[in-house]
Each structure stands twice: as C-alpha cells, then as structure tokens.
>>> print(open('input-v4.txt').read())   # compact mmCIF, C-alpha atoms and all ligand atoms
# COMPACT_ATOMS: atom_id res chain seq x y z
CA MET A 8 11.24 8.73 11.05
CA ASN A 9 13.42 6.73 8.69
CA HIS A 10 16.96 5.40 8.41
CA PHE A 11 18.04 7.09 5.18
CA GLU A 12 20.64 9.65 6.18
CA TYR A 13 23.77 11.30 4.90
CA ILE A 14 26.81 9.63 6.42
CA ASP A 15 30.16 11.25 5.55
CA GLY A 16 28.40 13.24 2.87
CA VAL A 17 26.78 10.29 1.15
CA LEU A 18 23.18 9.12 1.41
CA SER A 19 23.03 5.79 3.20
CA ALA A 20 20.39 3.25 4.04
CA GLU A 21 21.23 2.32 7.62
CA GLY A 22 24.90 1.26 7.38
CA VAL A 23 25.05 0.81 3.60
CA SER A 24 25.99 3.61 1.25
CA ILE A 25 23.68 4.15 -1.69
CA PRO A 26 26.50 4.61 -4.27
CA GLU A 27 27.89 1.23 -3.20
CA LEU A 28 24.48 -0.36 -3.80
CA ALA A 29 24.15 1.42 -7.14
CA GLU A 30 27.51 0.02 -8.17
CA LYS A 31 26.48 -3.53 -7.28
CA VAL A 32 22.84 -3.53 -8.39
CA GLY A 33 22.75 -1.01 -11.22
CA THR A 34 20.15 1.73 -11.44
CA PRO A 35 17.30 2.33 -11.02
CA PHE A 36 16.48 0.27 -7.94
CA TYR A 37 14.26 0.36 -4.89
CA CYS A 38 15.98 0.27 -1.53
CA TYR A 39 14.17 -0.55 1.72
CA SER A 40 15.36 -0.21 5.29
CA THR A 41 14.60 -3.02 7.73
CA ALA A 42 15.07 -0.79 10.79
CA THR A 43 12.50 1.65 9.42
CA LEU A 44 10.01 -1.10 8.61
CA GLU A 45 10.42 -2.54 12.08
CA ARG A 46 10.15 0.81 13.77
CA HIS A 47 6.98 1.77 11.91
CA TYR A 48 5.36 -1.56 12.62
CA LYS A 49 6.21 -1.43 16.32
CA VAL A 50 5.07 2.17 16.80
CA TYR A 51 1.82 1.45 14.98
CA ALA A 52 1.10 -1.84 16.75
CA GLY A 53 2.07 -0.24 20.07
CA ALA A 54 -0.73 2.29 19.63
CA PHE A 55 -3.20 -0.55 20.28
CA ASP A 56 -1.51 -2.00 23.36
CA GLY A 57 -4.09 -3.22 25.80
CA LEU A 58 -6.74 -3.63 23.10
CA ASP A 59 -7.60 -7.00 21.60
CA ALA A 60 -6.22 -6.05 18.18
CA THR A 61 -4.43 -7.60 15.19
CA VAL A 62 -2.42 -5.58 12.69
CA CYS A 63 -2.99 -7.10 9.27
CA TYR A 64 -0.44 -5.41 7.02
CA ALA A 65 -2.03 -4.45 3.67
CA LEU A 66 0.15 -6.35 1.22
CA LYS A 67 -0.93 -4.22 -1.69
CA ALA A 68 1.41 -1.45 -0.50
CA ASN A 69 4.50 -3.63 -0.93
CA SER A 70 4.24 -7.37 -1.31
CA ASN A 71 7.84 -8.43 -1.64
CA GLN A 72 8.35 -11.67 0.26
CA ALA A 73 11.24 -10.20 2.26
CA VAL A 74 9.16 -7.22 3.35
CA ILE A 75 6.23 -9.42 4.37
CA LYS A 76 8.54 -11.76 6.23
CA THR A 77 10.18 -8.89 8.12
CA LEU A 78 6.74 -7.83 9.34
CA ALA A 79 5.48 -11.39 9.92
CA LYS A 80 8.39 -11.93 12.29
CA LEU A 81 7.08 -9.05 14.38
CA GLY A 82 3.64 -10.66 14.53
CA ALA A 83 1.87 -9.00 11.61
CA GLY A 84 -1.10 -10.60 9.92
CA ALA A 85 -2.06 -9.79 6.34
CA ASP A 86 -4.80 -7.99 4.47
CA VAL A 87 -4.88 -9.41 0.95
CA VAL A 88 -6.95 -8.51 -2.10
CA SER A 89 -6.23 -11.35 -4.49
CA VAL A 90 -5.35 -14.98 -4.42
CA GLY A 91 -1.87 -13.96 -5.51
CA GLU A 92 -1.46 -11.82 -2.41
CA MET A 93 -2.93 -14.58 -0.26
CA ARG A 94 -0.31 -17.00 -1.55
CA ARG A 95 2.39 -14.42 -0.89
CA ALA A 96 1.20 -14.01 2.71
CA LEU A 97 1.08 -17.77 3.31
CA GLN A 98 4.46 -18.27 1.69
CA ALA A 99 5.99 -15.60 3.92
CA GLY A 100 4.81 -17.55 6.94
CA ILE A 101 1.70 -15.64 7.97
CA ALA A 102 -0.79 -17.98 9.64
CA PRO A 103 -4.15 -18.36 7.85
CA SER A 104 -5.82 -17.30 11.09
CA LYS A 105 -4.26 -13.85 10.61
CA ILE A 106 -5.24 -13.34 6.97
CA ILE A 107 -8.19 -11.22 5.84
CA PHE A 108 -9.30 -11.24 2.20
CA SER A 109 -10.64 -7.84 1.11
CA GLY A 110 -11.54 -6.46 -2.31
CA VAL A 111 -14.49 -5.45 -4.41
CA GLY A 112 -14.83 -8.59 -6.51
CA LYS A 113 -13.51 -12.05 -5.75
CA ALA A 114 -13.60 -14.77 -8.38
CA ASP A 115 -14.99 -18.22 -7.57
CA ALA A 116 -11.53 -19.74 -7.74
CA GLU A 117 -10.28 -17.15 -5.24
CA MET A 118 -13.15 -17.89 -2.87
CA ARG A 119 -12.40 -21.62 -3.10
CA GLU A 120 -8.73 -21.18 -2.42
CA ALA A 121 -9.43 -18.87 0.53
CA LEU A 122 -11.91 -21.35 2.00
CA ASP A 123 -9.47 -24.20 1.47
CA ALA A 124 -6.71 -22.23 3.21
CA ASP A 125 -9.12 -21.56 6.09
CA ILE A 126 -8.18 -17.90 6.42
CA ALA A 127 -9.68 -15.78 9.20
CA GLN A 128 -12.25 -13.79 7.25
CA ILE A 129 -13.45 -12.82 3.82
CA ASN A 130 -14.71 -9.25 3.54
CA VAL A 131 -17.72 -9.15 1.24
CA GLU A 132 -18.53 -5.97 -0.62
CA SER A 133 -21.89 -6.56 -2.30
CA ILE A 134 -25.02 -8.69 -2.17
CA PRO A 135 -24.19 -10.60 -5.39
CA GLU A 136 -20.76 -11.40 -3.98
CA LEU A 137 -22.37 -12.63 -0.76
CA VAL A 138 -24.75 -14.86 -2.69
CA GLU A 139 -21.88 -16.27 -4.73
CA LEU A 140 -19.70 -16.92 -1.68
CA ASN A 141 -22.60 -18.71 0.01
CA ARG A 142 -23.02 -20.88 -3.08
CA VAL A 143 -19.31 -21.71 -3.29
CA ALA A 144 -19.08 -22.48 0.45
CA LEU A 145 -22.13 -24.77 0.34
CA ASP A 146 -20.70 -26.52 -2.69
CA MET A 147 -17.52 -27.19 -0.71
CA GLY A 148 -19.41 -28.23 2.40
CA LYS A 149 -17.96 -25.30 4.33
CA LYS A 150 -19.07 -22.14 6.05
CA ALA A 151 -17.37 -18.91 5.00
CA ARG A 152 -16.46 -16.57 7.83
CA ILE A 153 -17.35 -13.11 6.60
CA ALA A 154 -17.48 -9.44 7.38
CA LEU A 155 -19.56 -7.11 5.30
CA ARG A 156 -17.61 -4.09 4.19
CA ILE A 157 -19.82 -1.14 4.89
CA ASN A 158 -19.54 2.13 3.02
CA PRO A 159 -20.22 4.79 5.65
CA HIS A 160 -20.68 7.67 3.17
CA VAL A 161 -17.90 9.70 4.74
CA ASP A 162 -15.58 11.96 2.77
CA ALA A 163 -12.00 11.00 3.63
CA LYS A 164 -10.73 14.33 2.18
CA THR A 165 -7.93 12.69 0.27
CA HIS A 166 -7.09 12.41 -3.44
CA GLU A 167 -10.25 11.44 -5.34
CA LYS A 168 -8.63 8.30 -6.77
CA ILE A 169 -7.93 6.88 -3.31
CA ALA A 170 -11.12 7.93 -1.48
CA THR A 171 -13.32 4.88 -0.91
CA GLY A 172 -15.96 5.78 1.66
CA LYS A 173 -18.31 8.05 -0.27
CA ALA A 174 -21.70 7.01 -1.65
CA GLU A 175 -20.43 7.44 -5.21
CA ASN A 176 -17.45 5.10 -4.64
CA LYS A 177 -17.65 1.49 -5.78
CA PHE A 178 -16.70 0.09 -2.39
CA GLY A 179 -18.76 -1.74 0.19
CA ILE A 180 -22.45 -1.93 1.00
CA ASP A 181 -24.20 1.37 1.74
CA TRP A 182 -24.45 1.78 5.49
CA THR A 183 -28.14 2.56 5.13
CA ARG A 184 -28.69 -1.01 3.89
CA ALA A 185 -26.31 -2.74 6.27
CA ILE A 186 -28.86 -4.16 8.72
CA GLU A 187 -30.99 -5.59 5.92
CA VAL A 188 -27.99 -7.32 4.28
CA TYR A 189 -26.70 -8.69 7.59
CA ARG A 190 -30.14 -10.16 8.24
CA ASP A 191 -30.06 -11.83 4.81
CA ALA A 192 -26.54 -13.12 5.45
CA ALA A 193 -27.65 -14.59 8.79
CA GLN A 194 -30.09 -16.79 6.87
CA MET A 195 -27.45 -18.25 4.55
CA ASP A 196 -26.20 -21.71 5.49
CA GLY A 197 -22.81 -21.25 3.87
CA ILE A 198 -22.12 -18.01 5.72
CA GLU A 199 -20.91 -17.36 9.24
CA ILE A 200 -20.98 -13.69 10.22
CA THR A 201 -17.81 -12.80 12.08
CA GLY A 202 -17.24 -9.14 11.45
CA ILE A 203 -17.93 -5.75 10.01
CA ALA A 204 -15.36 -3.90 7.89
CA MET A 205 -14.67 -0.36 6.76
CA HIS A 206 -11.91 1.36 4.83
CA ILE A 207 -12.64 4.94 3.88
CA GLY A 208 -9.55 5.86 1.90
CA SER A 209 -5.81 6.17 1.86
CA GLN A 210 -3.35 8.92 2.81
CA LEU A 211 -5.66 10.54 5.36
CA THR A 212 -3.96 13.32 7.28
CA ASP A 213 -6.80 14.14 9.66
CA LEU A 214 -8.61 11.98 12.21
CA THR A 215 -12.03 13.58 11.71
CA PRO A 216 -13.27 11.36 8.85
CA PHE A 217 -12.07 8.24 10.68
CA ARG A 218 -13.89 9.37 13.82
CA GLU A 219 -17.07 9.97 11.86
CA ALA A 220 -16.88 6.59 10.13
CA PHE A 221 -16.04 4.57 13.25
CA THR A 222 -18.82 6.27 15.21
CA ARG A 223 -21.21 5.20 12.49
CA LEU A 224 -19.75 1.69 12.64
CA ALA A 225 -20.25 1.53 16.42
CA GLY A 226 -23.88 2.55 15.95
CA LEU A 227 -24.34 -0.25 13.43
CA VAL A 228 -22.80 -2.84 15.76
CA GLU A 229 -25.22 -1.81 18.50
CA GLU A 230 -28.16 -1.89 16.13
CA LEU A 231 -27.15 -5.33 14.86
CA ARG A 232 -27.14 -6.57 18.44
CA THR A 233 -30.76 -5.52 18.83
CA HIS A 234 -31.48 -7.81 15.87
CA GLY A 235 -29.65 -10.69 17.54
CA ILE A 236 -26.65 -10.41 15.19
CA GLU A 237 -23.31 -10.38 16.95
CA VAL A 238 -20.15 -9.25 15.18
CA LYS A 239 -16.94 -10.24 16.92
CA ASN A 240 -14.39 -8.52 14.70
CA LEU A 241 -14.27 -4.86 13.72
CA ASP A 242 -12.01 -4.36 10.71
CA LEU A 243 -11.16 -0.68 10.59
CA GLY A 244 -9.10 -0.75 7.38
CA GLY A 245 -5.94 1.26 6.84
CA GLY A 246 -5.52 4.75 5.54
CA LEU A 247 -3.43 6.69 8.03
CA GLY A 248 -1.24 8.98 5.94
CA ILE A 249 2.47 9.78 5.95
CA ALA A 250 4.48 12.95 5.37
CA TYR A 251 5.43 13.31 1.71
CA GLN A 252 5.66 17.08 1.64
CA GLY A 253 5.51 18.48 5.12
CA GLU A 254 2.09 17.07 5.97
CA THR A 255 1.62 16.40 9.67
CA PRO A 256 -0.56 13.31 9.82
CA PRO A 257 -1.79 12.25 13.26
CA LEU A 258 0.58 10.02 15.18
CA PRO A 259 -0.41 6.36 15.53
CA ALA A 260 -0.95 6.95 19.27
CA ALA A 261 -3.59 9.60 18.52
CA TYR A 262 -5.21 7.27 16.01
CA GLY A 263 -5.18 4.49 18.62
CA GLN A 264 -6.79 6.79 21.16
CA MET A 265 -9.52 7.71 18.67
CA VAL A 266 -10.13 3.99 18.01
CA ARG A 267 -10.52 3.43 21.77
CA GLU A 268 -12.94 6.33 22.04
CA THR A 269 -15.12 5.33 19.11
CA VAL A 270 -15.26 1.53 19.25
CA GLY A 271 -13.34 0.51 22.39
CA HIS A 272 -16.50 0.01 24.44
CA LEU A 273 -17.97 -2.63 22.13
CA GLY A 274 -15.90 -5.52 23.46
CA CYS A 275 -14.93 -6.64 19.96
CA HIS A 276 -11.67 -7.83 18.46
CA ILE A 277 -10.15 -5.09 16.28
CA THR A 278 -8.34 -5.59 12.99
CA LEU A 279 -6.25 -2.85 11.41
CA GLU A 280 -4.98 -2.86 7.85
CA PRO A 281 -2.18 -0.31 7.51
CA GLY A 282 -0.10 -0.34 4.35
CA ARG A 283 1.47 3.00 3.44
CA LEU A 284 2.27 3.96 7.01
CA ILE A 285 4.41 0.88 7.50
CA VAL A 286 6.37 0.86 4.25
CA GLY A 287 6.02 4.30 2.63
CA ASN A 288 8.95 6.04 4.27
CA ALA A 289 10.92 2.81 4.54
CA GLY A 290 11.78 2.88 0.84
CA ILE A 291 13.47 5.06 -1.75
CA LEU A 292 13.86 4.76 -5.49
CA VAL A 293 17.46 5.35 -6.51
CA SER A 294 18.13 6.61 -10.01
CA ARG A 295 21.05 7.94 -12.00
CA VAL A 296 21.01 11.22 -13.87
CA MET A 297 21.39 10.47 -17.57
CA TYR A 298 21.29 13.94 -19.06
CA ILE A 299 20.81 17.53 -18.08
CA LYS A 300 18.99 19.53 -20.65
CA ASP A 301 18.81 23.28 -20.44
CA GLY A 302 15.65 24.15 -22.35
CA GLU A 303 14.46 27.65 -23.07
CA ALA A 304 11.90 27.59 -20.28
CA LYS A 305 13.39 25.06 -17.91
CA ARG A 306 16.25 22.86 -16.94
CA PHE A 307 15.35 19.19 -17.17
CA VAL A 308 17.13 16.51 -15.19
CA ILE A 309 16.56 13.30 -17.12
CA LEU A 310 16.75 10.18 -14.96
CA ASP A 311 17.10 6.52 -15.80
CA ALA A 312 13.97 5.82 -13.72
CA ALA A 313 10.60 6.49 -15.28
CA MET A 314 6.86 6.43 -14.72
CA ASN A 315 6.83 2.66 -15.22
CA ASP A 316 9.03 2.34 -12.11
CA LEU A 317 7.03 4.76 -9.94
CA ILE A 318 3.64 5.75 -11.30
CA ARG A 319 2.37 7.77 -8.33
CA PRO A 320 3.37 11.24 -9.59
CA THR A 321 1.79 10.53 -12.98
CA LEU A 322 -1.35 8.91 -11.62
CA TYR A 323 -2.16 11.01 -8.57
CA ASN A 324 0.04 14.08 -9.04
CA ALA A 325 1.75 12.69 -5.96
CA TYR A 326 4.66 14.58 -4.46
CA HIS A 327 7.86 12.66 -3.69
CA GLU A 328 10.85 14.53 -2.37
CA ILE A 329 13.90 14.17 -4.65
CA ILE A 330 17.37 14.55 -3.18
CA ALA A 331 20.93 14.26 -4.38
CA VAL A 332 22.77 11.20 -3.05
CA ASP A 333 26.03 13.15 -2.81
CA GLU A 334 25.53 15.78 -0.12
CA ALA A 335 28.32 18.00 -1.44
CA GLY A 336 26.66 20.86 -3.24
CA VAL A 337 23.28 20.36 -1.59
CA ASP A 338 23.54 23.53 0.39
CA ASP A 339 25.59 25.45 -2.15
CA LYS A 340 24.02 26.80 -5.26
CA MET A 341 20.74 25.06 -5.99
CA ALA A 342 19.04 25.07 -9.37
CA THR A 343 15.32 24.87 -10.07
CA VAL A 344 14.68 21.87 -12.31
CA ASP A 345 12.01 19.51 -13.58
CA VAL A 346 12.95 15.92 -12.82
CA VAL A 347 11.73 13.63 -15.57
CA GLY A 348 12.06 10.10 -16.88
CA PRO A 349 12.88 8.98 -20.42
CA VAL A 350 9.44 7.61 -21.33
CA CYS A 351 7.68 9.29 -24.24
CA GLU A 352 4.95 10.99 -22.26
CA THR A 353 4.83 14.43 -20.71
CA GLY A 354 3.30 12.75 -17.66
CA ASP A 355 6.59 10.97 -17.09
CA THR A 356 7.63 13.67 -14.65
CA PHE A 357 8.71 12.98 -11.07
CA GLY A 358 8.68 16.57 -9.92
CA LYS A 359 8.40 20.08 -11.25
CA ASP A 360 10.38 23.11 -10.10
CA ARG A 361 12.47 21.12 -7.65
CA LYS A 362 15.67 22.27 -6.04
CA LEU A 363 18.70 20.16 -6.85
CA PRO A 364 22.39 21.12 -6.74
CA ASP A 365 23.36 23.39 -9.61
CA ASN A 366 26.44 21.25 -10.17
CA LEU A 367 24.47 18.00 -10.55
CA GLN A 368 26.08 16.04 -13.39
CA PRO A 369 25.11 13.14 -15.63
CA GLY A 370 26.15 10.01 -13.76
CA ASP A 371 25.20 11.43 -10.36
CA LEU A 372 22.64 9.63 -8.23
CA VAL A 373 19.36 10.93 -6.85
CA ALA A 374 16.89 9.38 -4.45
CA ILE A 375 13.15 9.67 -4.86
CA CYS A 376 11.93 9.48 -1.28
CA SER A 377 8.93 7.88 0.41
CA ALA A 378 8.63 5.35 -2.39
CA GLY A 379 8.29 2.18 -0.30
CA ALA A 380 4.51 2.03 -0.59
CA TYR A 381 2.72 1.64 -3.92
CA GLY A 382 6.02 1.96 -5.75
CA ALA A 383 7.46 -1.38 -6.87
CA VAL A 384 4.05 -3.07 -6.68
CA MET A 385 2.57 -0.64 -9.19
CA SER A 386 5.50 -0.74 -11.56
CA SER A 387 5.15 -2.06 -15.09
CA THR A 388 7.24 -2.86 -18.10
CA TYR A 389 5.84 0.00 -20.21
CA ASN A 390 8.21 0.93 -23.05
CA THR A 391 9.67 -2.58 -22.61
CA ARG A 392 11.65 -1.45 -19.63
CA ALA A 393 12.64 -4.22 -17.23
CA LEU A 394 11.04 -4.21 -13.77
CA THR A 395 13.16 -2.37 -11.22
CA PRO A 396 15.07 -4.52 -8.74
CA GLU A 397 14.47 -4.25 -5.02
CA VAL A 398 17.11 -4.27 -2.30
CA LEU A 399 16.62 -4.71 1.44
CA VAL A 400 19.17 -3.31 3.87
CA SER A 401 19.58 -4.41 7.46
CA GLY A 402 22.35 -2.69 9.42
CA ASP A 403 25.45 -3.03 7.26
CA LYS A 404 24.04 -5.97 5.26
CA PHE A 405 22.01 -5.85 2.10
CA ALA A 406 20.29 -8.37 -0.15
CA ILE A 407 18.71 -8.14 -3.58
CA ILE A 408 15.13 -9.20 -2.84
CA ARG A 409 13.94 -8.97 -6.44
CA GLU A 410 16.31 -9.25 -9.36
CA ARG A 411 16.10 -7.13 -12.46
CA PRO A 412 14.59 -9.47 -15.05
CA SER A 413 16.18 -9.59 -18.46
CA ILE A 414 14.59 -7.90 -21.45
CA ASP A 415 14.87 -11.22 -23.30
CA ASP A 416 12.72 -12.91 -20.63
CA LEU A 417 10.19 -10.16 -21.07
CA ILE A 418 10.03 -10.58 -24.84
CA ALA A 419 9.88 -14.37 -24.44
CA LEU A 420 6.49 -13.99 -22.72
CA ASP A 421 5.02 -13.07 -26.11
CA LYS A 422 4.03 -15.91 -28.42
CA VAL A 423 3.89 -15.47 -32.16
CA PRO A 424 1.08 -17.46 -33.86
CA GLY A 425 2.21 -20.01 -36.43
CA TRP A 426 0.61 -18.14 -39.33
CA LEU A 427 3.09 -15.31 -38.90
CA ASP A 428 6.13 -17.55 -39.32
N1 LIG B 501 -7.42 -1.92 3.47
C1 LIG B 501 -8.09 -1.81 2.32
C2 LIG B 501 -9.37 -2.50 2.15
C3 LIG B 501 -7.57 -1.00 1.29
O1 LIG B 501 -8.25 -0.87 0.15
C4 LIG B 501 -6.32 -0.35 1.47
C5 LIG B 501 -5.75 0.48 0.41
C6 LIG B 501 -5.64 -0.54 2.69
C7 LIG B 501 -6.23 -1.32 3.66
C8 LIG B 501 -4.32 0.11 2.96
O2 LIG B 501 -4.40 1.49 2.96
P1 LIG B 501 -3.15 2.40 3.41
O3 LIG B 501 -2.91 2.14 4.87
O4 LIG B 501 -1.99 1.98 2.60
O5 LIG B 501 -3.59 3.77 3.14
N2 LIG B 501 -2.06 3.25 -4.93
C9 LIG B 501 -2.53 4.34 -4.09
C10 LIG B 501 -3.11 3.85 -2.78
C11 LIG B 501 -4.25 2.86 -2.94
C12 LIG B 501 -4.81 2.38 -1.65
C13 LIG B 501 -5.81 1.31 -1.88
N3 LIG B 501 -6.32 0.70 -0.70
C14 LIG B 501 -1.37 5.30 -3.86
O6 LIG B 501 -0.28 5.09 -4.40
O7 LIG B 501 -1.55 6.31 -3.18
>>> encode(input="input-v4.txt", output="structure tokens", more="lines below")
Ligand code: LLP
Amino acid sequence: MNHFEYIDGVLSAEGVSIPELAEKVGTPFYCYSTATLERHYKVYAGAFDGLDATVCYALKANSNQAVIKTLAKLGAGADVVSVGEMRRALQAGIAPSKIIFSGVGKADAEMREALDADIAQINVESIPELVELNRVALDMGKKARIALRINPHVDAKTHEKIATGKAENKFGIDWTRAIEVYRDAAQMDGIEITGIAMHIGSQLTDLTPFREAFTRLAGLVEELRTHGIEVKNLDLGGGLGIAYQGETPPLPAAYGQMVRETVGHLGCHITLEPGRLIVGNAGILVSRVMYIKDGEAKRFVILDAAMNDLIRPTLYNAYHEIIAVDEAGVDDKMATVDVVGPVCETGDTFGKDRKLPDNLQPGDLVAICSAGAYGAVMSSTYNTRALTPEVLVSGDKFAIIRERPSIDDLIALDKVPGWLD
C-alpha cells in the first residue's frame, strides 16, 4: 500500500500535488512519502512482535539522510556496506549498537572506523577478510564482534544479478565449510564471535528459498553448539520482494511466521535487513514529457528522465509502472508507447509497449512508480546530467532533501593538468 493517489484528478503524494512539486523543484525528481515509509516499517517490524528482533534497514536501498532519520525515529537500526553508509547511519542518529556492517570486501580503513565507532557487528564474508580483521583489531587493541556470512547454496529464484545465495555467487563462506571457519575464528584473539549471517538475494516473491536457507542456518547453529561455539545473533538479511507488476509477494506476517518456524526455537537474537520492502513503493520518479515521436514502428514518449536517474530497467530489465500525473484521459483512449529517456543508448528505455493516454502532450508529467528503492542511490551523472533531486512529503508539507547540483559544480570536479594549459 502507498500514499500516491489521484486527488481531484491529479496524482498526489499524501496531501501534496505532484504538479505543484514539479513547478517548485523542476523535473525530473524523486518524491517519497513519509506515511508510506512509516507504514511499511511498522508493518514489517510488527511481523516480529514477541521475538527478540532488530530491524536494521539496508541503507543501500535509499540512503538519504531524511529517509534514514524517518526510519530511525521509529526504532530502525542500519545495515551498511561501506564506511560512507556507516557515517550516514551515525549522522542520522542511529546508535552504533544497532549498526551491522555487511559486504564482500572491507578495506582496512573501513574496519578501523567501524571498530572505533564500536558498531554492533561486522559480517565477514571470507577467510582472508577474517584474517585481516583479526590483524586490524589486534593492532588497535580491540576485539571485533563478528558474524560469518554463510552462503547456503540456495537458489533464491530471482533475477540473476541480485541472487546471492548460490555456490557460484561471490557472497559469503560456503555453508559446507562454516564449522571449520568458525573454529578458526574462535582461536583468533582479535575476534569475538557474535553471530551468523545470511542474505540469499533480493526481490524474492516466494518464501520457499528463505525457508530452505533458514533451516540450513538453524542446523548450523545447532552443530556449532556441539563444538562449544555459541552464536547469539542470527542475521537473516533482507530480500522480501514488492509488487512491481502484479507480483504477490508474501506478506511480512507470513515471512515473520516462517522465521518463527525455522529459527524461533534457537533462543537467539534476530536481525533483519530489509531495504526494498521499506522504501520501494514509498517513492516515485516524476518526469516531464519532452517530445512525442511517432515512428514507423512505434510511438515513443521521450522523457526528461533517463537511465542515469533510474538504471533498474536498463540493468535488470526491471518493470516499473508508468502513469500519467493528470488523470484526465487515463481511462479514455490509451495509446501503446515506448517510454524512453534522452540518453544516447537504446537501453535508455523505461518501458516498452506501455499504455499511456493517447492525448499525452509534451509538457505533461508522468510518474515512474515503485522507484524509492535502488533509484536515487544508483543514479549517476552519465551524459553530464545533474543528479536528480529528492523530495520528501509528509501530509501537506514537503521538503527538498537533496538539491539538484549544478552542472558547473559537476565540471569543477575535473582538474586539468598544468601541461594542458
Ligand atoms: N542485506 C544484504 C547483505 C544485502 O546485500 C541486501 C541487498 C539487503 C540486505 C537488502 O535487500 P532488499 O531487502 O532490498 O532486497 N540494486 C538491486 C538490488 C540489490 C540488492 C543488493 N543487496 C535492484 O535494484 O534490484
């Protein structure tokens, strides 16, 4: 459920009309709804009521300070994958005791900063990384609290670029070697074992792979106990999918029930790392139609947003619903169109054979839906296009939470060597 609706024939974010925002901010821009963020967080967190659980929002999905702060106020912790994200979490007021540092390769400087900040746990993904973290911690006279991320060799049945739990994926330590590596870790003076972590992929629309992976994880926890190794924290990762195109992903309550059934008996603390589910449907990308081109084979609607603003369709063939901001005409005659951006690549296409009003004109606004997760954070300045601004709405208020930088600022980042003067 989200709070983007037509009010008096015009798409609105809660109590703010999108054309009004477009007038004030310029297009394209991302628009997020506070009520939707809050609702998603509460429904998700509520699915674990009665369990000893912490929801560590995966910042990678959307790391704007205002978004993090909205969730932090509701009690969210953070799952971070870089020192940059860790600083964002701390700056937004998330306590170090609620921050988990994940990721396949952490640099020494990142390990040092995480140890200095005294965050809850560092998730280690390989033996060399474990050895390095031990070395860094000893050098600092500290002990690093760690979980080993275990790769359970389970097919998440999602897009190949966002599946992470198969043997051929780069993530984690093979589950077949887990006991051996935990026993090594237990011997390291700079390491304190606190947990075990898994994350099998993103945009999962079925509970079966989760169930398989968490059952495997429970087996490992029990086996570790027979070796005298106690893990207190089970980090189950994120991954629960959302509806982009009529999918019916399991409800958080069903996911919560499955978590209870698979690992609830172990008496451990549980950490969850949802990203997409919290922010995905809480954001839209608003763009203006620049031109309508009737080609021989197709009609193209050319937007002022492009693949640099939202890369998901290009990168994963992802589907995002595209709707007209002005409701008039939506149910009248619809045309079949390809919605594209102005970047010089055929891949700069937001959607093929979409239905938009036949009377859509240059200057009209469209919204690309479900763009709150992995949208703004994955944007770039390709084609020397300025980063897209972000706006947060709350009731009838709105605030620009990231400005559109100037092109001059962008060019000023380049430095010309003296010999070219
Ligand atoms: N925890 C870990 C260790 C992760 O790697 C991820 C996502 C999450 C949690 C959050 O997963 P979520 O709940 O959002 O599914 N850019 C891609 C998605 C990449 C996901 C990477 N890892 C996309 O646009 O679909």
>>> residues_near_ligand(input="input-v4.txt", ligand="ligand LIG 501 (chain B)", cutoff="8 Å", atoms="only C-alpha atoms and all ligand atoms", output="NGL selection string")
:A and (64-65 or 67-68 or 86 or 88 or 109-110 or 168-169 or 171 or 205-206 or 208-211 or 244-248 or 279-285 or 318-319 or 323 or 325 or 380-382 or 385)
>>> closest_residue(input="input-v4.txt", among="A:Asp371, A:Asp56, A:Glu187, A:Glu334", to="Val293 of chain A", atoms="only C-alpha atoms")
A:Asp371
>>> residues_around(input="input-v4.txt", residues="Ser294 of chain A", least_positions_apart="2", cutoff="8 Å", atoms="only C-alpha atoms", output="PyMOL selection string")
chain A and resi 34-36+292+296+310-312+372-375
>>> closest_residue(input="input-v4.txt", among="A:Pro364, A:Pro412, A:Pro135, A:Ile330", to="Leu18 of chain A", atoms="all atoms listed in the file")
A:Ile330
>>> atom_distance(input="input-v4.txt", atom1="atom CA of Arg142 of chain A", atom2="atom CA of Leu224 of chain A")
27.7 Å
>>> atom_distance(input="input-v4.txt", atom1="atom CA of Lys164 of chain A", atom2="atom CA of Glu219 of chain A")
12.4 Å
>>> residues_around(input="input-v4.txt", residues="Gly358 of chain A", least_positions_apart="4", cutoff="8 Å", atoms="all atoms listed in the file", output="PyMOL selection string")
chain A and resi 320+326-327+329+345-347
>>> residues_around(input="input-v4.txt", residues="Ser401 of chain A", least_positions_apart="6", cutoff="10 Å", atoms="only C-alpha atoms", output="VMD selection string")
chain A and resid 20 to 23 39 to 43
>>> closest_residue(input="input-v4.txt", among="A:Ala79, A:Ala121, A:Ile180, A:Val337", to="Glu92 of chain A", atoms="only C-alpha atoms")
A:Ala121
>>> residues_around(input="input-v4.txt", residues="Tyr389 of chain A", least_positions_apart="4", cutoff="10 Å", atoms="only C-alpha atoms", output="list in words")
Ala313, Met314, Asn315, Asp316, Val350, Ala393 and Leu394 of chain A
>>> closest_residue(input="input-v4.txt", among="A:Arg119, A:Arg232, A:Val332, A:Tyr37", to="Ile14 of chain A", atoms="all atoms listed in the file")
A:Val332
>>> residues_near_point(input="input-v4.txt", point="(-26.0, -18.1, 10.5)", cutoff="12 Å", atoms="only C-alpha atoms", output="VMD selection string")
chain A and resid 141 150 to 153 189 to 201 235 to 238
>>> residues_around(input="input-v4.txt", residues="Leu78 of chain A", least_positions_apart="6", cutoff="9 Å", atoms="all atoms listed in the file", output="PyMOL selection string")
chain A and resi 44-45+48+64+84
>>> atom_distance(input="input-v4.txt", atom1="atom CA of Gly112 of chain A", atom2="atom CA of Glu397 of chain A")
29.7 Å
>>> closest_residue(input="input-v4.txt", among="A:Val32, A:Ala116, A:Ala83, A:Ala335", to="Val62 of chain A", atoms="only C-alpha atoms")
A:Ala83
